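Below: the structure, in structure tokens.
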Amino acid sequence: MIAAIKDKWFKFKYKLIFFLGVLGPGIISANADNDAGGITTYSVVGAHFGTKMLWILLLLTFALAVTQEMGVRIGLVTRQGLGGIIRETFGVKLTALVMSLMLIANMGTVTAEFAGVAAAFGIIGVGKYIAVSVAAAFVFLILFKGSFKTTQKIFLIFSFFYIVYIINGFVIGPDFGQAFKDMVTPTIEWNAVFLLMVIALIGTTITPWGQFFIQSYVVDKGMDIQHYKAEKVEVYAGAFITNVVSFFIIISTAATLYKYGIRITDAGDAAAALEPLAGHLAQFLFAFGLFVASMLGAFILPTATAYAICEAFGWEDGFDTDWSRGKYFYSIILITIILPCLVVLIPGISLVNIMILSQDINGILLPFVLLFVLKIINDKSIMGEYTNGFWSNLVAWVTIIGIIVATVVLVISSFFVFS
């Protein structure tokens with residue numbers, strides 16, 4: 001009896017250690033979707049529509065898990081990043097076009113991340129010139145000087161601090177009963193603003209750069225197909241955790257801003273508006289969460305961009321390379337940090353048009369990236385026995401078609417709404 005218990009305990013410890021060894025890609029990639037733009041989207045959703053869109057968030061949890069799992073599986077089987085496989089499968093010209101669009105979109109998104117840093121520090125009276133400059137220097141120092149293990153620890157630490165949004169939700173005390181009811185009860189308002197926010201929810205949850213990042217990350221981590229089962233669990237856990245955070249952001253702003261009819265345009269507005277409604281602690285937690293989200297995005301987006309471009313053109317990449325071997329990798333990271341920071345620091349600049357442009361390009365690019373992923377994952381010459389089965393393909397196609405329709409509407413609508 002004792003021997004059997006010891007044997008079970010040993011197997012449990014082995015599985016736990018094995019799981020902790022693969023921990024990182026799924027949770028980090030999913031949480032990075034909750035960047036400054038994501039926090040803004042969820043804040044606006046809660047402030048303008050209460051908890052009516054929570055059912056969409058529930059569906060998106062499954063969609064995020066499916067798309068991220070496919071990227072992980074391709075990476076584990078091929079030991080290559082998505083950029084390199086796209087070049088080998090679809091040719092250099094198409095790859096160059098995809099990389100160019102992604103670079104422009106990611107630069108716009110990184111600009112939004114540093115704008116989020118400025119907004120978070122603005123709540124406590126720190127100017128954007130100091131806040132953004134120090135944040136940018138810190139980001140590049142960690143990415144350039146740190147090893148893969150060091151950067152992963154930093155990513156996981158910032159991912160952990162998303163818990164402040166969950167704490168904030170309990171501090172505010174929303175109506176959980178109504179929230180859970182709305183999560184399982186579809187509600188649609190047939191007006192342009194509601195539909196545009198539905199599309200924005202989709203766009204901020206599943207991103208082109210996320211597909212490139214998670215696949216490159218498992219390769220850089222040195223993982224292979226023997227880690228698949230454990231990594232699949234981690235990817236699903238990451239999708240669930242990130243949308244739990246999104247859930248609490250929405251119900252927090254719904255219980256305060258929506259309740260009192262306060263309209264906002266970004267997450268900085270939400271943080272500033274919370275103090276008179278829910279107290280200084282709620283405001284601090286929300287602002288701190290915005291800072292954490294912006295910083296994680298500022299770490300991940302330049303990294304995802306560098307991974308994708310280097311793999312696409314056959315340049316050496318990864319955090320365990322030095323400058324002489326990884327000069328293109330680190331140069332791309334440096335450029336995608338410096339240029340967005342300079343844009344944010346322009347006196348009096350409005351970032352709305354930049355954010356809209358980057359979202360439009362992401363909307364155009366995402367369906368292509370997902371179609372690339374689906375074609376690759378069903379190619380037996382590439383994936384062997386790890387191609388998609390019938391049900392995986394069905395879920396994937398439903399997800400992709402839904403995203404294509406949504407992103408087309410997003411691009412078209414943005415021209416009319418913001419022209």
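If you're wondering about the labels, chains in the structure tokens are A, B, ... by order shown, residues count from 1 in each chain, ligands from 1 in order shown.
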Surrounding residues of stretch 112-128 of chain A excluding itself and chain neighbours under 2 positions, 10 Å, only C-alpha atoms, as a PyMOL selection string: chain A and resi 35-37+39-40+106-110+130-136+266-269+271-272+283-284+286-299+301+337+340-345+347+351-352+354-355+358
Which of stretch 167-276 of chain A fall in helix (DSSP H, G or I), as a ChimeraX atom specification: /A:167-172,176-183,192-205,208-220,225-258,267-276
Using C-alpha atoms, can you write the selected residues to a file as a CSV table (one decimal), in the first residue's frame?
chain,number,residue,atom,x,y,z
A,167,ILE,CA,-8.4,41.8,-7.1
A,168,ASN,CA,-9.9,45.1,-8.5
A,169,GLY,CA,-13.0,43.2,-9.5
A,170,PHE,CA,-13.7,42.0,-6.0
A,171,VAL,CA,-12.8,45.5,-4.5
A,172,ILE,CA,-15.4,47.1,-6.7
A,176,PHE,CA,-21.6,38.5,-10.5
A,177,GLY,CA,-25.0,36.9,-11.0
A,178,GLN,CA,-25.8,39.2,-13.9
A,179,ALA,CA,-22.4,38.7,-15.3
A,180,PHE,CA,-22.6,34.9,-15.4
A,181,LYS,CA,-26.2,35.2,-16.8
A,182,ASP,CA,-25.0,37.4,-19.7
A,183,MET,CA,-22.1,35.1,-20.3
A,192,ALA,CA,-22.8,50.1,-35.7
A,193,VAL,CA,-21.1,50.9,-32.4
A,194,PHE,CA,-22.1,47.6,-30.8
A,195,LEU,CA,-21.1,45.6,-33.9
A,196,LEU,CA,-17.8,47.4,-34.2
A,197,MET,CA,-17.0,46.6,-30.5
A,198,VAL,CA,-17.8,43.0,-31.1
A,199,ILE,CA,-15.3,42.9,-33.9
A,200,ALA,CA,-12.7,44.8,-31.8
A,201,LEU,CA,-13.1,42.1,-29.1
A,202,ILE,CA,-12.2,39.4,-31.7
A,203,GLY,CA,-9.3,41.5,-33.0
A,204,THR,CA,-7.7,42.1,-29.7
A,205,THR,CA,-8.0,38.5,-28.6
A,208,PRO,CA,-1.2,37.8,-36.2
A,209,TRP,CA,1.9,38.5,-34.1
A,210,GLY,CA,0.6,36.0,-31.5
A,211,GLN,CA,0.7,33.2,-34.0
A,212,PHE,CA,4.3,34.0,-34.9
A,213,PHE,CA,5.4,34.5,-31.3
A,214,ILE,CA,4.1,31.4,-29.7
A,215,GLN,CA,5.5,29.1,-32.5
A,216,SER,CA,9.0,30.8,-32.4
A,217,TYR,CA,8.9,30.8,-28.6
A,218,VAL,CA,8.5,27.0,-28.2
A,219,VAL,CA,11.4,26.6,-30.7
A,220,ASP,CA,13.7,29.0,-28.9
A,225,ILE,CA,7.0,16.9,-29.9
A,226,GLN,CA,7.5,15.0,-26.6
A,227,HIS,CA,6.4,18.1,-24.8
A,228,TYR,CA,3.1,18.3,-26.8
A,229,LYS,CA,0.6,17.0,-24.3
A,230,ALA,CA,1.9,19.2,-21.5
A,231,GLU,CA,2.2,22.2,-23.8
A,232,LYS,CA,-1.4,21.7,-25.0
A,233,VAL,CA,-2.6,21.9,-21.5
A,234,GLU,CA,-0.6,25.0,-20.9
A,235,VAL,CA,-2.0,26.7,-24.0
A,236,TYR,CA,-5.5,25.9,-23.0
A,237,ALA,CA,-4.8,27.2,-19.5
A,238,GLY,CA,-3.3,30.4,-20.9
A,239,ALA,CA,-6.4,31.0,-23.0
A,240,PHE,CA,-8.6,30.5,-19.9
A,241,ILE,CA,-6.5,32.7,-17.6
A,242,THR,CA,-6.2,35.6,-20.0
A,243,ASN,CA,-9.9,35.8,-20.6
A,244,VAL,CA,-10.6,35.5,-16.8
A,245,VAL,CA,-8.6,38.7,-16.6
A,246,SER,CA,-10.6,40.2,-19.5
A,247,PHE,CA,-13.8,39.1,-17.7
A,248,PHE,CA,-12.9,41.1,-14.6
A,249,ILE,CA,-11.9,44.2,-16.5
A,250,ILE,CA,-15.3,44.2,-18.3
A,251,ILE,CA,-17.4,43.6,-15.1
A,252,SER,CA,-15.3,46.2,-13.2
A,253,THR,CA,-16.0,49.0,-15.7
A,254,ALA,CA,-19.6,47.8,-16.1
A,255,ALA,CA,-20.2,48.1,-12.4
A,256,THR,CA,-18.8,51.6,-12.2
A,257,LEU,CA,-18.6,53.5,-15.5
A,258,TYR,CA,-21.6,51.9,-17.3
A,267,ALA,CA,-7.9,52.6,-20.5
A,268,GLY,CA,-6.3,55.7,-19.1
A,269,ASP,CA,-9.7,57.4,-19.0
A,270,ALA,CA,-11.1,54.4,-17.2
A,271,ALA,CA,-8.4,54.5,-14.5
A,272,ALA,CA,-8.9,58.2,-13.9
A,273,ALA,CA,-12.7,57.9,-13.7
A,274,LEU,CA,-12.6,55.1,-11.1
A,275,GLU,CA,-11.4,57.1,-8.1
A,276,PRO,CA,-14.6,59.1,-7.4
Could you check which of A:Ile382, A:Val373, A:Ile346, A:Leu94 is closest to A:Gly71, using only C-alpha atoms? A:Val373
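Here the question is which of A:Thr89, A:Asn34, A:Phe62, A:Trp55 gets nearest to A:Val395 using only C-alpha atoms, and that residue is A:Phe62.
Between atom CA of A:Ile300 and atom CA of A:Asp33 there is a distance of 9.6 Å.
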